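entry.pdb follows (PDB, C-alpha atoms):
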ATOM      1  CA  ASN Z  21     213.441 122.558 130.398
ATOM      2  CA  ALA Z  22     210.417 122.966 128.161
ATOM      3  CA  GLY Z  23     212.312 121.381 125.245
ATOM      4  CA  VAL Z  24     211.035 122.367 121.789
ATOM      5  CA  THR Z  25     207.915 124.516 121.802
ATOM      6  CA  GLN Z  26     205.787 125.056 118.711
ATOM      7  CA  THR Z  27     202.901 127.445 118.241
ATOM      8  CA  PRO Z  28     200.159 127.371 117.159
ATOM      9  CA  LYS Z  29     198.974 123.752 117.471
ATOM     10  CA  PHE Z  30     196.270 124.200 114.854
ATOM     11  CA  GLN Z  31     195.801 126.747 112.093
ATOM     12  CA  VAL Z  32     193.397 127.205 109.195
ATOM     13  CA  LEU Z  33     194.397 129.538 106.374
ATOM     14  CA  LYS Z  34     192.829 130.662 103.148
ATOM     15  CA  THR Z  35     194.777 130.312  99.924
ATOM     16  CA  GLY Z  36     197.133 133.249  99.515
ATOM     17  CA  GLN Z  37     197.363 134.153 103.193
ATOM     18  CA  SER Z  38     200.720 134.303 104.923
ATOM     19  CA  MET Z  39     201.637 133.202 108.397
ATOM     20  CA  THR Z  40     204.541 132.289 110.642
ATOM     21  CA  LEU Z  41     204.906 129.053 112.563
ATOM     22  CA  GLN Z  42     206.895 129.639 115.709
ATOM     23  CA  CYS Z  43     209.529 127.308 117.138
ATOM     24  CA  ALA Z  44     211.626 127.864 120.233
ATOM     25  CA  GLN Z  45     214.004 125.607 122.159
ATOM     26  CA  ASP Z  46     215.619 126.151 125.551
ATOM     27  CA  MET Z  47     218.349 123.481 125.316
ATOM     28  CA  ASN Z  48     220.954 125.730 123.674
ATOM     29  CA  HIS Z  49     220.928 123.489 120.614
ATOM     30  CA  GLU Z  50     222.880 124.719 117.619
ATOM     31  CA  TYR Z  51     220.961 122.719 115.029
ATOM     32  CA  MET Z  52     217.284 123.364 114.284
ATOM     33  CA  SER Z  53     215.095 122.149 111.466
ATOM     34  CA  TRP Z  54     211.573 122.090 110.077
ATOM     35  CA  TYR Z  55     209.845 118.994 108.704
ATOM     36  CA  ARG Z  56     206.458 118.447 107.184
ATOM     37  CA  GLN Z  57     204.617 115.173 107.651
ATOM     38  CA  ASP Z  58     202.202 113.954 105.004
ATOM     39  CA  PRO Z  59     200.450 110.549 104.892
ATOM     40  CA  GLY Z  60     202.597 107.929 103.209
ATOM     41  CA  MET Z  61     205.510 110.313 102.731
ATOM     42  CA  GLY Z  62     207.226 110.303 106.074
ATOM     43  CA  LEU Z  63     208.937 113.416 107.374
ATOM     44  CA  ARG Z  64     210.427 115.699 104.737
ATOM     45  CA  LEU Z  65     212.999 118.348 105.565
ATOM     46  CA  ILE Z  66     211.985 121.893 104.620
ATOM     47  CA  HIS Z  67     214.829 124.066 105.980
ATOM     48  CA  TYR Z  68     217.505 123.712 108.595
ATOM     49  CA  SER Z  69     219.978 125.861 110.506
ATOM     50  CA  VAL Z  70     223.335 124.993 112.078
ATOM     51  CA  GLY Z  71     223.491 128.154 114.150
ATOM     52  CA  ALA Z  72     222.350 131.749 114.460
ATOM     53  CA  GLY Z  73     222.569 133.523 111.133
ATOM     54  CA  ILE Z  74     223.002 130.304 109.115
ATOM     55  CA  THR Z  75     220.188 128.558 107.249
ATOM     56  CA  ASP Z  76     219.985 126.153 104.323
ATOM     57  CA  GLN Z  77     217.381 124.379 102.228
ATOM     58  CA  GLY Z  78     216.146 120.865 102.740
ATOM     59  CA  GLU Z  79     214.206 118.598 100.380
ATOM     60  CA  VAL Z  80     211.048 120.697  99.984
ATOM     61  CA  PRO Z  81     211.898 124.393 100.566
ATOM     62  CA  ASN Z  82     209.656 126.031  97.963
ATOM     63  CA  GLY Z  83     206.996 128.309  99.440
ATOM     64  CA  TYR Z  84     208.735 128.588 102.809
ATOM     65  CA  ASN Z  85     211.212 131.018 104.335
ATOM     66  CA  VAL Z  86     213.212 130.760 107.541
ATOM     67  CA  SER Z  87     215.562 132.918 109.554
ATOM     68  CA  ARG Z  88     217.696 132.276 112.628
ATOM     69  CA  SER Z  89     218.428 135.512 114.455
ATOM     70  CA  THR Z  90     218.910 133.807 117.838
ATOM     71  CA  THR Z  91     219.983 130.348 118.992
ATOM     72  CA  GLU Z  92     216.572 129.778 120.580
ATOM     73  CA  ASP Z  93     214.146 130.665 117.779
ATOM     74  CA  PHE Z  94     213.624 129.291 114.289
ATOM     75  CA  PRO Z  95     210.372 130.563 112.731
ATOM     76  CA  LEU Z  96     208.952 129.151 109.508
ATOM     77  CA  ARG Z  97     207.137 131.572 107.217
ATOM     78  CA  LEU Z  98     204.583 130.632 104.610
ATOM     79  CA  LEU Z  99     204.655 133.428 102.083
ATOM     80  CA  SER Z 100     201.428 132.719 100.185
ATOM     81  CA  ALA Z 101     199.664 129.619 101.474
ATOM     82  CA  ALA Z 102     198.530 126.970  99.002
ATOM     83  CA  PRO Z 103     196.356 123.856  99.552
ATOM     84  CA  SER Z 104     199.453 121.723  98.873
ATOM     85  CA  GLN Z 105     200.911 123.095 102.108
ATOM     86  CA  THR Z 106     198.196 121.429 104.170
ATOM     87  CA  SER Z 107     200.248 119.222 106.450
ATOM     88  CA  VAL Z 108     201.537 118.647 109.954
ATOM     89  CA  TYR Z 109     204.689 120.637 110.616
ATOM     90  CA  PHE Z 110     207.333 119.616 113.118
ATOM     91  CA  CYS Z 111     210.225 121.651 114.376
ATOM     92  CA  ALA Z 112     213.211 119.704 115.693
ATOM     93  CA  SER Z 113     216.525 120.537 117.302
ATOM     94  CA  ARG Z 114     219.702 118.766 118.355
ATOM     95  CA  ASP Z 115     223.011 119.474 119.925
ATOM     96  CA  GLY Z 116     225.661 120.484 117.405
ATOM     97  CA  GLY Z 117     228.146 117.842 118.553
ATOM     98  CA  ALA Z 118     228.939 114.774 116.484
ATOM     99  CA  THR Z 119     228.364 112.215 119.224
ATOM    100  CA  ASN Z 120     224.793 112.993 120.274
ATOM    101  CA  GLU Z 121     222.557 113.067 117.229
ATOM    102  CA  LYS Z 122     219.148 112.670 118.860
ATOM    103  CA  LEU Z 123     216.567 114.986 117.366
ATOM    104  CA  PHE Z 124     214.110 116.561 119.788
ATOM    105  CA  PHE Z 125     210.781 117.284 118.133
ATOM    106  CA  GLY Z 126     208.146 119.830 119.007
ATOM    107  CA  SER Z 127     204.516 118.781 119.396
ATOM    108  CA  GLY Z 128     203.623 119.790 115.852
ATOM    109  CA  THR Z 129     201.385 122.291 114.072
ATOM    110  CA  GLN Z 130     198.444 120.998 112.078
ATOM    111  CA  LEU Z 131     197.903 123.390 109.181
ATOM    112  CA  SER Z 132     194.952 123.377 106.804
ATOM    113  CA  VAL Z 133     194.900 125.621 103.735
ATOM    114  CA  LEU Z 134     191.490 126.027 102.141
TER     115      LEU Z 134
ATOM    116  CA  GLY V  10     220.558 113.074  97.132
ATOM    117  CA  GLU V  11     219.646 110.411  99.627
ATOM    118  CA  ASN V  12     216.512 108.319  99.136
ATOM    119  CA  VAL V  13     215.148 106.044 101.850
ATOM    120  CA  GLU V  14     212.557 103.359 101.129
ATOM    121  CA  GLN V  15     210.717 101.726 104.030
ATOM    122  CA  HIS V  16     208.653  98.529 104.025
ATOM    123  CA  PRO V  17     206.042  97.495 104.861
ATOM    124  CA  SER V  18     203.782 100.517 105.141
ATOM    125  CA  THR V  19     201.513  98.661 107.577
ATOM    126  CA  LEU V  20     202.268  95.671 109.787
ATOM    127  CA  SER V  21     199.971  93.794 112.114
ATOM    128  CA  VAL V  22     201.322  91.176 114.543
ATOM    129  CA  GLN V  23     199.991  89.216 117.487
ATOM    130  CA  GLU V  24     201.086  90.315 120.927
ATOM    131  CA  GLY V  25     204.217  88.435 121.899
ATOM    132  CA  ASP V  26     205.347  87.855 118.322
ATOM    133  CA  SER V  27     208.243  89.654 116.632
ATOM    134  CA  ALA V  28     208.021  92.530 114.160
ATOM    135  CA  VAL V  29     210.578  93.472 111.521
ATOM    136  CA  ILE V  30     210.654  96.696 109.511
ATOM    137  CA  LYS V  31     213.139  97.144 106.679
ATOM    138  CA  CYS V  32     214.683 100.201 105.044
ATOM    139  CA  THR V  33     216.990 100.689 102.092
ATOM    140  CA  TYR V  34     219.039 103.784 101.349
ATOM    141  CA  SER V  35     220.707 105.052  98.205
ATOM    142  CA  ASP V  36     223.670 107.171  99.325
ATOM    143  CA  SER V  37     226.677 105.019 100.190
ATOM    144  CA  ALA V  38     228.155 107.990 102.103
ATOM    145  CA  SER V  39     225.338 107.838 104.681
ATOM    146  CA  ASN V  40     226.776 106.847 108.030
ATOM    147  CA  TYR V  41     224.082 107.271 110.656
ATOM    148  CA  PHE V  42     220.738 105.463 110.809
ATOM    149  CA  PRO V  43     218.178 106.302 113.510
ATOM    150  CA  TRP V  44     214.708 104.922 114.143
ATOM    151  CA  TYR V  45     211.911 107.104 115.473
ATOM    152  CA  LYS V  46     208.617 106.031 117.018
ATOM    153  CA  GLN V  47     205.522 108.190 116.761
ATOM    154  CA  GLU V  48     202.514 107.288 118.856
ATOM    155  CA  LEU V  49     199.121 108.512 117.716
ATOM    156  CA  GLY V  50     198.895 112.289 118.002
ATOM    157  CA  LYS V  51     202.356 112.574 119.518
ATOM    158  CA  ARG V  52     205.747 113.791 118.360
ATOM    159  CA  PRO V  53     208.380 111.409 116.929
ATOM    160  CA  GLN V  54     210.898 110.143 119.476
ATOM    161  CA  LEU V  55     214.223 108.411 118.931
ATOM    162  CA  ILE V  56     214.184 104.771 120.031
ATOM    163  CA  ILE V  57     217.466 103.440 118.692
ATOM    164  CA  ASP V  58     220.203 104.384 116.241
ATOM    165  CA  ILE V  59     223.223 102.791 114.614
ATOM    166  CA  ARG V  60     226.368 104.094 112.964
ATOM    167  CA  SER V  61     228.013 102.657 109.891
ATOM    168  CA  ASN V  62     230.942 101.193 111.826
ATOM    169  CA  VAL V  63     228.614  98.807 113.674
ATOM    170  CA  GLY V  64     226.587  95.908 112.247
ATOM    171  CA  GLU V  65     224.054  95.449 115.032
ATOM    172  CA  LYS V  66     222.834  97.230 118.132
ATOM    173  CA  LYS V  67     220.391  96.055 120.804
ATOM    174  CA  ASP V  68     218.407  97.796 123.510
ATOM    175  CA  GLN V  69     216.220  95.394 125.470
ATOM    176  CA  ARG V  70     213.476  94.186 123.057
ATOM    177  CA  ILE V  71     214.618  96.414 120.210
ATOM    178  CA  ALA V  72     217.492  95.765 117.823
ATOM    179  CA  VAL V  73     218.733  97.320 114.611
ATOM    180  CA  THR V  74     220.900  95.611 111.999
ATOM    181  CA  LEU V  75     222.853  97.286 109.215
ATOM    182  CA  ASN V  76     224.158  95.814 105.971
ATOM    183  CA  LYS V  77     226.353  98.473 104.354
ATOM    184  CA  THR V  78     227.112  96.405 101.294
ATOM    185  CA  ALA V  79     223.447  95.968 100.461
ATOM    186  CA  LYS V  80     222.583  99.425 101.824
ATOM    187  CA  HIS V  81     219.758  98.275 104.013
ATOM    188  CA  PHE V  82     218.966  98.302 107.710
ATOM    189  CA  SER V  83     216.195  96.781 109.773
ATOM    190  CA  LEU V  84     214.369  97.291 113.057
ATOM    191  CA  HIS V  85     213.538  94.177 115.064
ATOM    192  CA  ILE V  86     211.066  94.234 117.937
ATOM    193  CA  THR V  87     210.745  91.040 119.951
ATOM    194  CA  GLU V  88     208.007  90.000 122.417
ATOM    195  CA  THR V  89     205.754  92.771 121.125
ATOM    196  CA  GLN V  90     203.407  94.518 123.527
ATOM    197  CA  PRO V  91     200.347  96.740 122.949
ATOM    198  CA  GLU V  92     202.403  99.853 123.719
ATOM    199  CA  ASP V  93     204.572  99.051 120.699
ATOM    200  CA  SER V  94     201.650 100.071 118.458
ATOM    201  CA  ALA V  95     202.786 103.233 116.667
ATOM    202  CA  VAL V  96     204.231 104.548 113.421
ATOM    203  CA  TYR V  97     207.934 103.837 113.032
ATOM    204  CA  PHE V  98     210.251 105.893 110.826
ATOM    205  CA  CYS V  99     213.710 104.951 109.688
ATOM    206  CA  ALA V 100     216.156 107.604 108.536
ATOM    207  CA  ALA V 101     219.582 107.963 106.992
ATOM    208  CA  ARG V 102     221.930 110.889 107.141
ATOM    209  CA  ARG V 103     225.121 112.067 105.617
ATOM    210  CA  LEU V 104     227.262 114.621 107.360
ATOM    211  CA  ILE V 105     227.580 117.650 105.084
ATOM    212  CA  ILE V 106     229.875 119.764 107.223
ATOM    213  CA  GLN V 107     230.499 119.687 110.941
ATOM    214  CA  GLY V 108     227.173 120.183 112.653
ATOM    215  CA  ALA V 109     225.194 120.152 109.423
ATOM    216  CA  GLN V 110     223.257 117.090 108.439
ATOM    217  CA  LYS V 111     220.458 116.187 106.123
ATOM    218  CA  LEU V 112     218.422 113.467 107.740
ATOM    219  CA  VAL V 113     216.161 111.764 105.205
ATOM    220  CA  PHE V 114     213.241 109.756 106.561
ATOM    221  CA  GLY V 115     211.473 106.737 105.188
ATOM    222  CA  GLN V 116     207.739 106.771 104.544
ATOM    223  CA  GLY V 117     206.832 105.190 107.866
ATOM    224  CA  THR V 118     205.373 101.850 109.010
ATOM    225  CA  ARG V 119     202.169 101.684 111.001
ATOM    226  CA  LEU V 120     202.636  98.805 113.439
ATOM    227  CA  THR V 121     199.564  97.372 115.160
ATOM    228  CA  ILE V 122     199.886  94.846 117.968
ATOM    229  CA  ASN V 123     196.808  92.660 118.271
ATOM    230  CA  PRO V 124     195.969  91.321 121.759
TER     231      PRO V 124
END
Could you show the structure in this file as structure tokens?
Amino acid sequence: NAGVTQTPKFQVLKTGQSMTLQCAQDMNHEYMSWYRQDPGMGLRLIHYSVGAGITDQGEVPNGYNVSRSTTEDFPLRLLSAAPSQTSVYFCASRDGGATNEKLFFGSGTQLSVL
Amino acid sequence: GENVEQHPSTLSVQEGDSAVIKCTYSDSASNYFPWYKQELGKRPQLIIDIRSNVGEKKDQRIAVTLNKTAKHFSLHITETQPEDSAVYFCAARRLIIQGAQKLVFGQGTRLTINP
């Protein structure tokens, strides 16, 4: 299994541009989520999904959209990039069961918005 | 919503000594508390977790303690080694509905083990 795969690894955007961060997992996990990591602020939840067709907001959803058309994929869209969205983004997934709560993280996307 | 505070933000210890990282949480309904380790340039990985029906859990040199009354939990690393150098994140989560969770992370602690 490849686990959780994120692309791209690095991206530079200009203010106002849009882009999609890709996330795919091959573990048949029901739950997927996006976090952003900023210095001194830990990992903050942007959006999450408990299954195909179901998404919900996390702590910091503004400026981001998500969709979950398949179990495997959970893309994160930046609608109009702003410098405040410069961050490292992690996608994570877990099994939907209540007994195994381990989150599997992707390798991250380092995004710079100029 | 849940708020998780983690201290200290940086911690430096001599190799072989113990390290303790503490977290407090605000939501008394939180019932699951994991710890993640992130080595430089790598992804976070789960190292240990504890549920609210347990007060302590150990895994070799790593232990986590939970005080539900005071709403705080701690990570203890004994006999520290250079490979323990990393950023450690605590987290707390409340089950919203079956399968749905909001896992809230602390700010992270950068642990440095000095040889």
Here is a test: counting all atoms listed in the file, which residue of V:Leu49, V:Leu55, V:Cys99, V:Ile30 is nearest to Phe125 (chain Z)? V:Leu55
Distance of CA of Glu88 (chain V) from CA of Asn40 (chain V), expressed in Å to one decimal place: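 Distance reported for this atom pair: 29.0 Å.
You will find CA of Phe42 (chain V) at 4.7 Å from CA of Ala101 (chain V).
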Hey, what's within 12 Å of Ser69 (chain Z) if we count all atoms listed in the file and toss same-chain stuff fewer than 4 positions away? As a PyMOL selection string, please? (chain Z and resi 49-54+65+73-78+85-96+111-116) or (chain V and resi 108-111)
Could you save the residues just selected, with C-alpha atoms, as a tab-separated table (two decimals), in the frame of the given file?
chain	number	residue	atom	x	y	z
Z	49	HIS	CA	220.93	123.49	120.61
Z	50	GLU	CA	222.88	124.72	117.62
Z	51	TYR	CA	220.96	122.72	115.03
Z	52	MET	CA	217.28	123.36	114.28
Z	53	SER	CA	215.10	122.15	111.47
Z	54	TRP	CA	211.57	122.09	110.08
Z	65	LEU	CA	213.00	118.35	105.56
Z	73	GLY	CA	222.57	133.52	111.13
Z	74	ILE	CA	223.00	130.30	109.12
Z	75	THR	CA	220.19	128.56	107.25
Z	76	ASP	CA	219.98	126.15	104.32
Z	77	GLN	CA	217.38	124.38	102.23
Z	78	GLY	CA	216.15	120.86	102.74
Z	85	ASN	CA	211.21	131.02	104.34
Z	86	VAL	CA	213.21	130.76	107.54
Z	87	SER	CA	215.56	132.92	109.55
Z	88	ARG	CA	217.70	132.28	112.63
Z	89	SER	CA	218.43	135.51	114.46
Z	90	THR	CA	218.91	133.81	117.84
Z	91	THR	CA	219.98	130.35	118.99
Z	92	GLU	CA	216.57	129.78	120.58
Z	93	ASP	CA	214.15	130.66	117.78
Z	94	PHE	CA	213.62	129.29	114.29
Z	95	PRO	CA	210.37	130.56	112.73
Z	96	LEU	CA	208.95	129.15	109.51
Z	111	CYS	CA	210.22	121.65	114.38
Z	112	ALA	CA	213.21	119.70	115.69
Z	113	SER	CA	216.52	120.54	117.30
Z	114	ARG	CA	219.70	118.77	118.36
Z	115	ASP	CA	223.01	119.47	119.92
Z	116	GLY	CA	225.66	120.48	117.40
V	108	GLY	CA	227.17	120.18	112.65
V	109	ALA	CA	225.19	120.15	109.42
V	110	GLN	CA	223.26	117.09	108.44
V	111	LYS	CA	220.46	116.19	106.12
Using all atoms listed in the file, determine which residues of chain V fall within 8 Å of chain Z; present them as an MDAnalysis selection string. chainID V and resid 18 51:55 98 107:109 111:117
Atomic distance CA of Leu131 (chain Z) - CA of Pro43 (chain V), expressed in Å with one decimal: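 Computed distance, CA of Leu131 (chain Z) to CA of Pro43 (chain V), equals 26.9 Å.
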For a quick check of understanding, using only C-alpha atoms, which of V:Thr89, V:Asn62, V:Ser83, V:Asn123 has the smallest distance to Gln15 (chain V)? V:Ser83
Starting from the shown file, work through the PyMOL selection byres ((chain Z and resi 107) around 7) and note down what comes out as JSON, numbers by chain. {"Z": [56, 57, 58, 105, 106, 108, 109, 130, 131, 132]}
Written as an MDAnalysis selection string, which residues does the PyMOL selection byres ((chain V and resi 69) around 12) give for the file shown? chainID V and resid 56:57 66:68 70:73 85:89
Box centre and edge lengths (Å, one decimal), axis-aligned, region 35-46 of chain Z plus 4 Å each side, as JSON:
{"center_x": 205.2, "center_y": 130.0, "center_z": 112.5, "size_x": 28.8, "size_y": 16.7, "size_z": 34.0}
Hits of the PyMOL selection byres ((chain V and resi 91) around 9) in this structure, as a PyMOL selection string: chain V and resi 24+89-90+92-94+121-124
Can those selected residues be exported to a file as a PDB file, in the coordinates of the input so that it contains C-alpha atoms?
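As written to disk, out_9.pdb reads:
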ATOM      1  CA  GLU V  24     201.086  90.315 120.927  1.00  0.00           C
ATOM      2  CA  THR V  89     205.754  92.771 121.125  1.00  0.00           C
ATOM      3  CA  GLN V  90     203.407  94.518 123.527  1.00  0.00           C
ATOM      4  CA  GLU V  92     202.403  99.853 123.719  1.00  0.00           C
ATOM      5  CA  ASP V  93     204.572  99.051 120.699  1.00  0.00           C
ATOM      6  CA  SER V  94     201.650 100.071 118.458  1.00  0.00           C
ATOM      7  CA  THR V 121     199.564  97.372 115.160  1.00  0.00           C
ATOM      8  CA  ILE V 122     199.886  94.846 117.968  1.00  0.00           C
ATOM      9  CA  ASN V 123     196.808  92.660 118.271  1.00  0.00           C
ATOM     10  CA  PRO V 124     195.969  91.321 121.759  1.00  0.00           C
TER      11      PRO V 124
END
